[in-house]
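Asks: One file is attached below, query_9.cif, containing mmCIF, C-alpha atoms.
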```
data_structure
#
loop_
_atom_site.label_atom_id
_atom_site.label_comp_id
_atom_site.auth_asym_id
_atom_site.auth_seq_id
_atom_site.Cartn_x
_atom_site.Cartn_y
_atom_site.Cartn_z
CA GLN I 1 331.70 150.34 70.02
CA GLY I 2 330.97 154.07 70.18
CA VAL I 3 333.67 154.64 72.82
CA GLU I 4 336.50 157.02 71.98
CA LEU I 5 339.74 155.75 73.46
CA PRO I 6 342.51 158.24 74.32
CA ILE I 7 345.18 155.97 72.84
CA PRO I 8 346.94 155.94 69.45
CA GLN I 9 345.02 154.43 66.54
CA LEU I 10 347.68 151.73 66.21
CA HIS I 11 346.89 150.58 69.75
CA ILE I 12 343.14 150.76 69.18
CA VAL I 13 343.53 148.27 66.34
CA ALA I 14 345.71 146.05 68.57
CA VAL I 15 343.04 146.13 71.29
CA GLN I 16 340.37 145.21 68.73
CA ARG I 17 342.47 142.23 67.67
CA GLN I 18 343.30 140.92 71.12
CA LEU I 19 340.37 141.85 73.36
CA PRO I 20 337.99 139.15 72.00
CA MET I 21 340.56 136.41 72.74
CA MET I 22 341.16 137.76 76.23
CA ALA I 23 337.50 138.20 77.12
CA GLU I 24 336.08 134.97 75.72
CA ASP I 25 336.63 133.05 78.96
CA SER I 26 335.19 135.79 81.13
CA GLU I 27 331.72 135.35 82.61
CA GLU I 28 331.21 139.11 82.24
CA PRO I 29 332.87 140.35 79.02
CA ASN I 30 331.37 143.80 79.53
CA GLU I 31 333.17 144.04 82.86
CA VAL I 32 336.45 143.41 81.07
CA VAL I 33 335.73 146.32 78.75
CA ASN I 34 334.60 148.57 81.60
CA GLY I 35 337.68 147.74 83.65
CA PHE I 36 339.94 148.44 80.70
CA LEU I 37 338.29 151.80 80.03
CA GLU I 38 338.65 152.80 83.67
CA LEU I 39 342.33 151.88 83.69
CA ILE I 40 342.96 153.77 80.45
CA SER I 41 341.18 156.83 81.86
CA ALA I 42 343.31 156.68 85.00
CA CYS I 43 346.49 156.48 82.93
CA GLN I 44 345.40 159.45 80.83
CA LYS I 45 345.05 161.51 84.01
CA GLN I 46 348.19 160.30 85.78
CA ALA I 47 350.66 158.47 83.52
CA PRO I 48 349.86 158.98 79.82
CA GLU I 49 353.27 157.57 78.87
CA LEU I 50 351.75 154.13 79.42
CA LEU I 51 349.25 154.81 76.64
CA GLY I 52 352.07 155.32 74.14
CA SER I 53 353.54 151.84 74.61
CA TRP I 54 351.83 148.59 73.67
CA ASN I 55 354.30 146.24 75.32
CA ALA I 56 354.75 148.13 78.59
CA GLY I 57 351.42 149.92 78.81
CA VAL I 58 348.25 149.26 76.85
CA GLY I 59 348.94 145.53 76.37
CA PRO I 60 349.60 144.75 80.07
CA ILE I 61 346.65 146.93 81.09
CA LEU I 62 344.38 144.98 78.75
CA ARG I 63 345.61 141.71 80.26
CA LEU I 64 344.99 143.06 83.74
CA ALA I 65 341.41 144.02 82.90
CA ALA I 66 340.77 140.63 81.28
CA ALA I 67 342.22 138.52 84.09
CA VAL I 68 341.32 140.46 87.24
CA PRO I 69 337.72 141.70 87.62
CA LYS I 70 337.20 145.20 88.98
CA GLY I 71 335.53 143.79 92.05
CA LYS I 72 338.86 142.29 93.14
CA TRP I 73 340.89 145.49 92.88
CA ARG I 74 342.06 146.74 96.28
CA ARG I 75 341.86 150.40 95.27
CA SER I 76 340.41 152.56 92.54
CA PRO I 77 342.83 153.38 89.71
CA MET I 78 341.46 156.92 89.85
CA ASP I 79 343.15 157.41 93.23
CA ARG I 80 346.68 158.78 93.11
CA TRP I 81 349.37 156.20 92.22
CA ALA I 82 351.70 158.11 89.89
CA PRO I 83 353.73 161.26 90.58
CA GLU I 84 351.54 164.35 90.43
CA ARG I 85 352.08 166.64 87.45
CA SER I 86 350.43 169.67 85.96
CA ALA I 87 347.57 169.35 83.49
CA GLU I 88 349.72 171.12 80.90
CA GLU I 89 352.52 168.58 81.20
CA LEU I 90 350.11 165.66 80.93
CA GLU I 91 348.53 167.20 77.84
CA ARG I 92 351.94 167.62 76.20
CA VAL I 93 352.60 163.92 76.67
CA MET I 94 349.19 163.02 75.24
CA GLN I 95 349.79 165.12 72.14
CA LYS I 96 352.99 163.21 71.33
CA LEU I 97 351.55 159.69 71.55
CA ASP I 98 350.62 159.38 67.87
CA ARG I 99 353.97 160.69 66.70
CA GLN I 100 356.51 158.89 68.85
CA ASP I 101 358.34 155.74 67.82
CA GLU I 102 356.67 152.44 68.64
CA GLY I 103 358.00 148.91 68.29
CA PRO I 104 358.73 145.71 70.18
CA GLU I 105 361.86 147.13 71.81
CA ILE I 106 360.28 150.45 72.85
CA GLY I 107 358.63 151.23 76.17
CA ALA I 108 360.93 149.87 78.87
CA ASP I 109 361.21 153.35 80.37
CA CYS I 110 357.47 153.09 81.20
CA LEU I 111 357.87 149.96 83.33
CA PRO I 112 358.22 151.84 86.65
CA LEU I 113 354.80 153.41 85.98
CA LEU I 114 353.29 149.99 85.27
CA GLU I 115 354.83 148.72 88.51
CA ALA I 116 353.24 151.61 90.42
CA LEU I 117 349.83 150.87 88.92
CA LEU I 118 349.97 147.15 89.74
CA LYS I 119 351.08 147.78 93.31
CA HIS I 120 348.36 150.37 93.84
CA LEU I 121 345.61 148.29 92.33
CA LEU I 122 346.36 144.85 93.75
CA CYS I 123 348.99 144.85 96.47
CA ASP I 124 349.20 145.53 100.16
CA GLU I 125 352.50 146.72 101.64
CA TYR I 126 354.18 143.45 100.65
CA PRO I 127 353.86 142.92 96.87
CA PRO I 128 354.37 139.41 95.46
CA SER I 129 357.61 138.24 93.92
CA ASN I 130 358.48 140.04 90.70
CA ALA I 131 358.96 136.61 89.15
CA LEU I 132 355.18 136.68 88.71
CA VAL I 133 355.20 139.80 86.54
CA GLY I 134 356.00 137.90 83.35
CA GLY I 135 352.34 137.30 82.57
CA PHE I 136 351.85 141.01 82.02
CA LEU I 137 354.89 141.56 79.83
CA TRP I 138 355.75 138.41 77.91
CA ASN I 139 355.01 138.39 74.18
CA ASP I 140 355.65 135.32 72.02
CA GLY I 141 355.70 137.56 68.93
CA ALA I 142 353.65 135.03 66.95
CA GLY I 143 350.40 136.94 66.52
CA GLY I 144 351.29 139.06 63.50
CA VAL I 145 352.37 142.65 62.99
CA LEU I 146 350.38 145.87 62.89
CA ARG I 147 352.22 148.57 60.99
CA GLU I 148 351.11 152.20 60.83
CA CYS I 149 354.33 153.29 59.15
CA GLU I 150 358.02 152.52 59.42
CA GLY I 151 359.02 153.04 63.04
CA ARG I 152 355.49 152.58 64.35
CA GLU I 153 354.75 148.86 64.59
CA VAL I 154 353.17 146.50 67.12
CA VAL I 155 354.12 142.83 67.21
CA LEU I 156 351.23 140.90 68.72
CA SER I 157 351.21 137.81 70.88
CA SER I 158 349.44 134.73 69.55
CA GLY I 159 346.22 133.43 71.05
CA VAL I 160 348.16 130.61 72.71
CA GLY I 161 350.63 133.10 74.17
CA ILE I 162 347.82 135.30 75.46
CA LYS I 163 346.02 132.41 77.16
CA LEU I 164 349.22 131.32 78.85
CA SER I 165 350.10 134.85 79.94
CA LEU I 166 346.65 135.40 81.44
CA LYS I 167 347.17 132.39 83.71
CA PHE I 168 350.23 134.06 85.16
CA VAL I 169 348.44 137.41 85.46
CA LYS I 170 345.74 135.63 87.48
CA LEU I 171 348.48 134.03 89.55
CA TYR I 172 350.07 137.41 90.29
CA ALA I 173 346.70 138.79 91.35
CA ALA I 174 345.84 135.77 93.50
CA VAL I 175 349.09 136.02 95.46
CA ALA I 176 348.91 139.82 95.67
CA LEU I 177 345.38 139.59 97.05
CA GLY I 178 346.40 137.22 99.81
CA GLU I 179 346.13 133.65 98.53
CA LYS I 180 348.87 131.26 99.61
CA PRO I 181 351.36 130.92 96.72
CA VAL I 182 351.49 127.13 96.67
CA ALA I 183 347.70 126.84 96.63
CA ALA I 184 347.45 129.44 93.85
CA PHE I 185 350.10 127.70 91.73
CA LYS I 186 348.36 124.36 92.11
CA GLU I 187 344.94 125.78 91.23
CA LEU I 188 345.95 127.97 88.31
CA LEU I 189 348.91 126.09 86.80
CA SER I 190 349.19 122.45 87.88
CA PRO I 191 348.22 120.39 90.95
CA GLU I 192 351.54 118.54 90.60
CA LEU I 193 353.67 121.55 91.51
CA THR I 194 355.43 121.17 94.84
CA LYS I 195 356.24 123.72 97.51
CA LYS I 196 359.91 123.48 96.56
CA MET I 197 359.13 124.19 92.89
CA VAL I 198 357.01 127.20 93.81
CA ARG I 199 359.70 128.58 96.10
CA SER I 200 362.34 128.11 93.41
CA PHE I 201 360.16 130.04 90.95
CA LEU I 202 359.46 132.90 93.36
CA ASP I 203 363.12 133.19 94.41
CA ALA I 204 364.51 133.12 90.87
CA PRO I 205 367.48 135.40 90.05
CA GLY I 206 366.22 138.90 89.32
CA ALA I 207 362.97 138.45 91.22
CA ALA I 208 364.00 141.06 93.77
CA SER I 209 363.28 143.89 91.34
CA PHE I 210 360.59 144.70 88.79
CA PRO I 211 361.63 143.87 85.21
CA SER I 212 363.55 146.61 83.45
CA ALA I 213 363.49 145.12 79.95
CA LEU I 214 360.87 143.87 77.50
CA THR I 215 360.66 140.53 75.70
CA PRO I 216 363.39 140.45 72.99
CA VAL I 217 360.85 140.07 70.20
CA GLU I 218 362.06 140.63 66.65
CA LEU I 219 360.10 142.57 64.07
CA PRO I 220 359.14 139.87 61.52
CA ASP I 221 360.25 140.49 57.95
CA ASP I 222 357.76 137.98 56.49
CA VAL I 223 354.97 135.62 57.53
CA ARG I 224 357.40 132.71 57.94
CA HIS I 225 359.49 134.49 60.54
CA VAL I 226 360.24 132.44 63.67
CA GLN I 227 361.10 134.29 66.85
CA PRO I 228 364.45 133.41 68.48
CA LEU I 229 364.66 131.00 71.41
CA ALA I 230 365.44 133.98 73.62
CA VAL I 231 361.77 134.97 73.33
CA THR I 232 360.57 131.59 74.61
CA LEU I 233 363.15 131.60 77.40
CA ALA I 234 362.06 135.07 78.51
CA GLY I 235 358.54 133.85 79.28
CA PRO I 236 356.97 132.83 82.58
CA LEU I 237 356.50 129.23 81.47
CA ALA I 238 360.23 128.90 80.81
CA ALA I 239 360.86 130.32 84.29
CA LEU I 240 358.55 127.67 85.71
CA ARG I 241 360.39 124.87 83.87
CA LEU I 242 363.71 126.17 85.17
CA ALA I 243 362.30 126.21 88.71
CA GLN I 244 361.04 122.66 88.34
CA ALA I 245 364.42 121.42 87.09
CA GLU I 246 366.22 123.19 89.93
CA SER I 247 363.89 121.80 92.57
CA LEU I 248 364.55 118.28 91.26
CA GLY I 249 368.30 118.78 91.45
CA GLY I 250 368.87 119.27 87.73
CA PRO I 251 371.07 121.94 86.14
CA ALA I 252 369.57 125.07 84.63
CA ALA I 253 370.51 123.76 81.18
CA VAL I 254 367.92 120.99 81.58
CA GLY I 255 365.17 123.47 82.37
CA ARG I 256 366.15 125.64 79.41
CA ALA I 257 366.18 122.63 77.09
CA VAL I 258 362.72 121.56 78.26
CA ALA I 259 361.41 125.09 77.79
CA ALA I 260 363.02 125.66 74.42
CA ARG I 261 362.71 122.30 72.67
CA THR I 262 359.82 120.25 74.05
CA ARG I 263 356.04 120.48 74.23
CA LEU I 264 356.35 121.44 77.89
CA GLY I 265 357.86 124.72 76.74
CA LYS I 266 354.74 125.55 74.73
CA GLY I 267 352.04 124.79 77.28
CA LEU I 268 351.46 123.72 80.86
CA GLY I 269 350.81 120.11 79.83
CA SER I 270 348.90 117.50 81.74
CA PRO I 271 349.74 116.51 85.34
CA ALA I 272 351.26 113.29 84.02
CA GLN I 273 353.58 115.19 81.68
#
```
Let me see whether you can do it: turn the structure in this file into structure tokens.

Replies:
Amino acid sequence: QGVELPIPQLHIVAVQRQLPMMAEDSEEPNEVVNGFLELISACQKQAPELLGSWNAGVGPILRLAAAVPKGKWRRSPMDRWAPERSAEELERVMQKLDRQDEGPEIGADCLPLLEALLKHLLCDEYPPSNALVGGFLWNDGAGGVLRECEGREVVLSSGVGIKLSLKFVKLYAAVALGEKPVAAFKELLSPELTKKMVRSFLDAPGAASFPSALTPVELPDDVRHVQPLAVTLAGPLAALRLAQAESLGGPAAVGRAVAARTRLGKGLGSPAQ
């Protein structure tokens, strides 16, 4: 309260909706807020395009602040991590933020800037597998819609989706900061995961490069709208189920079926499951 954020009003409302859910498990909720403000300030000074996108910018940055305390960051976000530009150019970008289109399919062009921020903040010269990035970007599209006007909408993730995503954000950070992947997977996801399952997840197709697309979330037309299975299958939990099926010698279709049509596609489940 009392803090003026340099982001569009639509995104301020989205932050107000989602921040309490993200911070409720934190021992220091104020640190979550302070970390978020510092990241937003850094983006304003270096990459304001991130502030114009919920799905590729403000949303992932909020998850980062909620899941990874400032004390664990390798470097300050105020240090240079984005291409240097003139103050005039940065101001021109800032002035457009409230007027540009916004929606679930918009913002993919900002993903290289998000990648640069994550690498700067958390990684040494060898960043973790890009298969771990899903926690920052995935949106189950089940948390309602904020609409400023036609062409400026934000589709929110549900509380369940946020909680799940934050586990994978913590996993990305743990591996980036030097923890052994298998140990991190067992601690943060499930003690039953094997080395082969973890390796299959980390070496998944497409993991060699940072994501270039956003979750294929649809803009709901009413409160009964159900997102397509493609949304579930785009998430990090679905990727984990695929990796588990592969490591056990099963076809990819089995992993997709588990992710799309069983309880194990909605949550991590118990070790027995």

Asks: Run the PyMOL selection byres ((chain I and resi 209) around 12) against the file shown and list the residues it catches, as a VMD selection string.

Replies: chain I and resid 111 to 112 115 127 to 133 202 to 208 210 to 213

Asks: For this file, the PyMOL selection byres ((chain I and resi 264) around 12) selects which residues, as a PDB file with C-alpha atoms, in the frame of the given file?

Replies:
```pdb
ATOM      1  CA  THR I 232     360.570 131.590  74.610  1.00  0.00           C
ATOM      2  CA  LEU I 237     356.500 129.230  81.470  1.00  0.00           C
ATOM      3  CA  ALA I 238     360.230 128.900  80.810  1.00  0.00           C
ATOM      4  CA  ALA I 239     360.860 130.320  84.290  1.00  0.00           C
ATOM      5  CA  LEU I 240     358.550 127.670  85.710  1.00  0.00           C
ATOM      6  CA  ARG I 241     360.390 124.870  83.870  1.00  0.00           C
ATOM      7  CA  LEU I 242     363.710 126.170  85.170  1.00  0.00           C
ATOM      8  CA  GLN I 244     361.040 122.660  88.340  1.00  0.00           C
ATOM      9  CA  GLY I 255     365.170 123.470  82.370  1.00  0.00           C
ATOM     10  CA  ARG I 256     366.150 125.640  79.410  1.00  0.00           C
ATOM     11  CA  ALA I 257     366.180 122.630  77.090  1.00  0.00           C
ATOM     12  CA  VAL I 258     362.720 121.560  78.260  1.00  0.00           C
ATOM     13  CA  ALA I 259     361.410 125.090  77.790  1.00  0.00           C
ATOM     14  CA  ALA I 260     363.020 125.660  74.420  1.00  0.00           C
ATOM     15  CA  ARG I 261     362.710 122.300  72.670  1.00  0.00           C
ATOM     16  CA  THR I 262     359.820 120.250  74.050  1.00  0.00           C
ATOM     17  CA  ARG I 263     356.040 120.480  74.230  1.00  0.00           C
ATOM     18  CA  GLY I 265     357.860 124.720  76.740  1.00  0.00           C
ATOM     19  CA  LYS I 266     354.740 125.550  74.730  1.00  0.00           C
ATOM     20  CA  GLY I 267     352.040 124.790  77.280  1.00  0.00           C
ATOM     21  CA  LEU I 268     351.460 123.720  80.860  1.00  0.00           C
ATOM     22  CA  GLY I 269     350.810 120.110  79.830  1.00  0.00           C
ATOM     23  CA  SER I 270     348.900 117.500  81.740  1.00  0.00           C
ATOM     24  CA  PRO I 271     349.740 116.510  85.340  1.00  0.00           C
ATOM     25  CA  ALA I 272     351.260 113.290  84.020  1.00  0.00           C
ATOM     26  CA  GLN I 273     353.580 115.190  81.680  1.00  0.00           C
TER      27      GLN I 273
END
```

Asks: Hey, could you pull the box centre and edge lengths for region 44-52 of chain I, axis-aligned, 3 Å padding per side, all listed atoms, to one decimal in Å, as AutoDock Vina command-line options?

Replies:
```
--center_x 349.2 --center_y 157.8 --center_z 80.0 --size_x 14.2 --size_y 13.4 --size_z 17.6
```

Asks: Can you write out as CSV which residues of region 177-251 of chain I fall within 9 Å of region 140-162 of chain I, alongside each residue's closest atom pair and its distance in Å to one decimal, counting only C-alpha atoms and ordering rows by chain and ascending residue number?

Replies:
```
residue,atom,partner,partner_atom,distance
I:Thr215,CA,I:Asp140,CA,8.1
I:Val217,CA,I:Gly141,CA,5.9
I:Glu218,CA,I:Gly141,CA,7.4
I:Leu219,CA,I:Val155,CA,6.8
I:Pro220,CA,I:Val145,CA,7.5
I:Val223,CA,I:Gly144,CA,7.8
I:His225,CA,I:Ala142,CA,8.7
I:Val226,CA,I:Ala142,CA,7.8
I:Gln227,CA,I:Gly141,CA,6.6
I:Val231,CA,I:Asp140,CA,6.3
I:Thr232,CA,I:Asp140,CA,6.7
I:Gly235,CA,I:Asp140,CA,8.0
```

Asks: CA of Leu137 (chain I) and CA of Gly59 (chain I), how far apart in Å?

Replies: 7.9 Å

Asks: The PyMOL selection byres ((chain I and resi 28) around 12) on the file shown: which residues, as a list in words?

Replies: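 Selection result, ordered by chain and number: Met22, Ala23, Glu24, Asp25, Ser26, Glu27, Pro29, Asn30, Glu31, Val32, Val33, Asn34, Gly35, Ala65, Ala66, Ala67, Val68, Pro69, Lys70 and Gly71 of chain I.
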
Asks: With distances taken over all atoms listed in the file, which of I:Leu229, I:Leu10, I:Ile40, I:Ala116 is nearest to Asp98 (chain I)?

Replies: I:Leu10

Asks: Can I get all heavy atoms for region 195-206 of chain I, as a short mmCIF file (atom, residue, chain, number, x, y, z; two decimals), in the first residue's frame?

Replies:
```
data_model
loop_
_atom_site.label_atom_id
_atom_site.label_comp_id
_atom_site.auth_asym_id
_atom_site.auth_seq_id
_atom_site.Cartn_x
_atom_site.Cartn_y
_atom_site.Cartn_z
N LYS I 195 16.91 -40.94 -10.54
CA LYS I 195 17.90 -40.22 -11.35
C LYS I 195 17.54 -40.27 -12.83
O LYS I 195 17.68 -39.28 -13.55
CB LYS I 195 19.29 -40.81 -11.12
CG LYS I 195 20.42 -40.09 -11.84
CD LYS I 195 21.76 -40.69 -11.48
CE LYS I 195 22.90 -39.95 -12.18
NZ LYS I 195 24.23 -40.54 -11.82
N LYS I 196 17.04 -41.42 -13.27
CA LYS I 196 16.67 -41.57 -14.67
C LYS I 196 15.48 -40.68 -15.03
O LYS I 196 15.44 -40.07 -16.11
CB LYS I 196 16.33 -43.04 -14.96
CG LYS I 196 16.16 -43.37 -16.43
CD LYS I 196 15.99 -44.86 -16.64
CE LYS I 196 15.88 -45.20 -18.12
NZ LYS I 196 15.70 -46.66 -18.34
N MET I 197 14.52 -40.55 -14.13
CA MET I 197 13.37 -39.68 -14.36
C MET I 197 13.81 -38.23 -14.45
O MET I 197 13.36 -37.47 -15.32
CB MET I 197 12.35 -39.85 -13.25
CG MET I 197 11.64 -41.18 -13.23
SD MET I 197 10.59 -41.35 -11.74
CE MET I 197 9.94 -43.01 -11.96
N VAL I 198 14.69 -37.82 -13.55
CA VAL I 198 15.18 -36.44 -13.54
C VAL I 198 15.93 -36.15 -14.83
O VAL I 198 15.74 -35.10 -15.45
CB VAL I 198 16.06 -36.19 -12.31
CG1 VAL I 198 16.74 -34.82 -12.41
CG2 VAL I 198 15.23 -36.29 -11.03
N ARG I 199 16.79 -37.07 -15.24
CA ARG I 199 17.56 -36.86 -16.47
C ARG I 199 16.64 -36.77 -17.67
O ARG I 199 16.84 -35.94 -18.57
CB ARG I 199 18.56 -38.00 -16.62
CG ARG I 199 19.46 -37.92 -17.86
CD ARG I 199 20.08 -36.56 -18.07
NE ARG I 199 20.77 -36.08 -16.88
CZ ARG I 199 21.15 -34.82 -16.69
NH1 ARG I 199 20.84 -33.90 -17.61
NH2 ARG I 199 21.79 -34.46 -15.60
N SER I 200 15.61 -37.60 -17.71
CA SER I 200 14.66 -37.56 -18.82
C SER I 200 13.94 -36.21 -18.86
O SER I 200 13.72 -35.66 -19.94
CB SER I 200 13.65 -38.70 -18.67
OG SER I 200 12.72 -38.68 -19.72
N PHE I 201 13.60 -35.68 -17.71
CA PHE I 201 12.94 -34.37 -17.64
C PHE I 201 13.88 -33.28 -18.16
O PHE I 201 13.49 -32.45 -18.98
CB PHE I 201 12.53 -34.08 -16.21
CG PHE I 201 11.84 -32.75 -16.01
CD1 PHE I 201 10.46 -32.66 -16.07
CD2 PHE I 201 12.57 -31.59 -15.78
CE1 PHE I 201 9.82 -31.43 -15.90
CE2 PHE I 201 11.94 -30.37 -15.61
CZ PHE I 201 10.56 -30.30 -15.67
N LEU I 202 15.11 -33.28 -17.67
CA LEU I 202 16.05 -32.21 -18.01
C LEU I 202 16.48 -32.25 -19.48
O LEU I 202 16.82 -31.22 -20.06
CB LEU I 202 17.28 -32.29 -17.11
CG LEU I 202 17.04 -32.05 -15.62
CD1 LEU I 202 18.32 -32.27 -14.83
CD2 LEU I 202 16.49 -30.65 -15.37
N ASP I 203 16.45 -33.46 -20.07
CA ASP I 203 16.88 -33.62 -21.46
C ASP I 203 15.71 -33.68 -22.43
O ASP I 203 15.86 -34.15 -23.56
CB ASP I 203 17.71 -34.90 -21.59
CG ASP I 203 19.05 -34.81 -20.87
OD1 ASP I 203 19.48 -33.68 -20.56
OD2 ASP I 203 19.66 -35.86 -20.60
N ALA I 204 14.56 -33.22 -22.00
CA ALA I 204 13.36 -33.28 -22.85
C ALA I 204 13.57 -32.51 -24.15
O ALA I 204 14.37 -31.58 -24.22
CB ALA I 204 12.17 -32.70 -22.09
N PRO I 205 12.86 -32.91 -25.22
CA PRO I 205 12.95 -32.17 -26.49
C PRO I 205 12.64 -30.68 -26.27
O PRO I 205 11.68 -30.33 -25.59
CB PRO I 205 11.88 -32.84 -27.35
CG PRO I 205 11.74 -34.22 -26.78
CD PRO I 205 11.96 -34.08 -25.31
N GLY I 206 13.43 -29.84 -26.83
CA GLY I 206 13.24 -28.40 -26.70
C GLY I 206 13.94 -27.77 -25.53
O GLY I 206 13.98 -26.54 -25.41
#
```
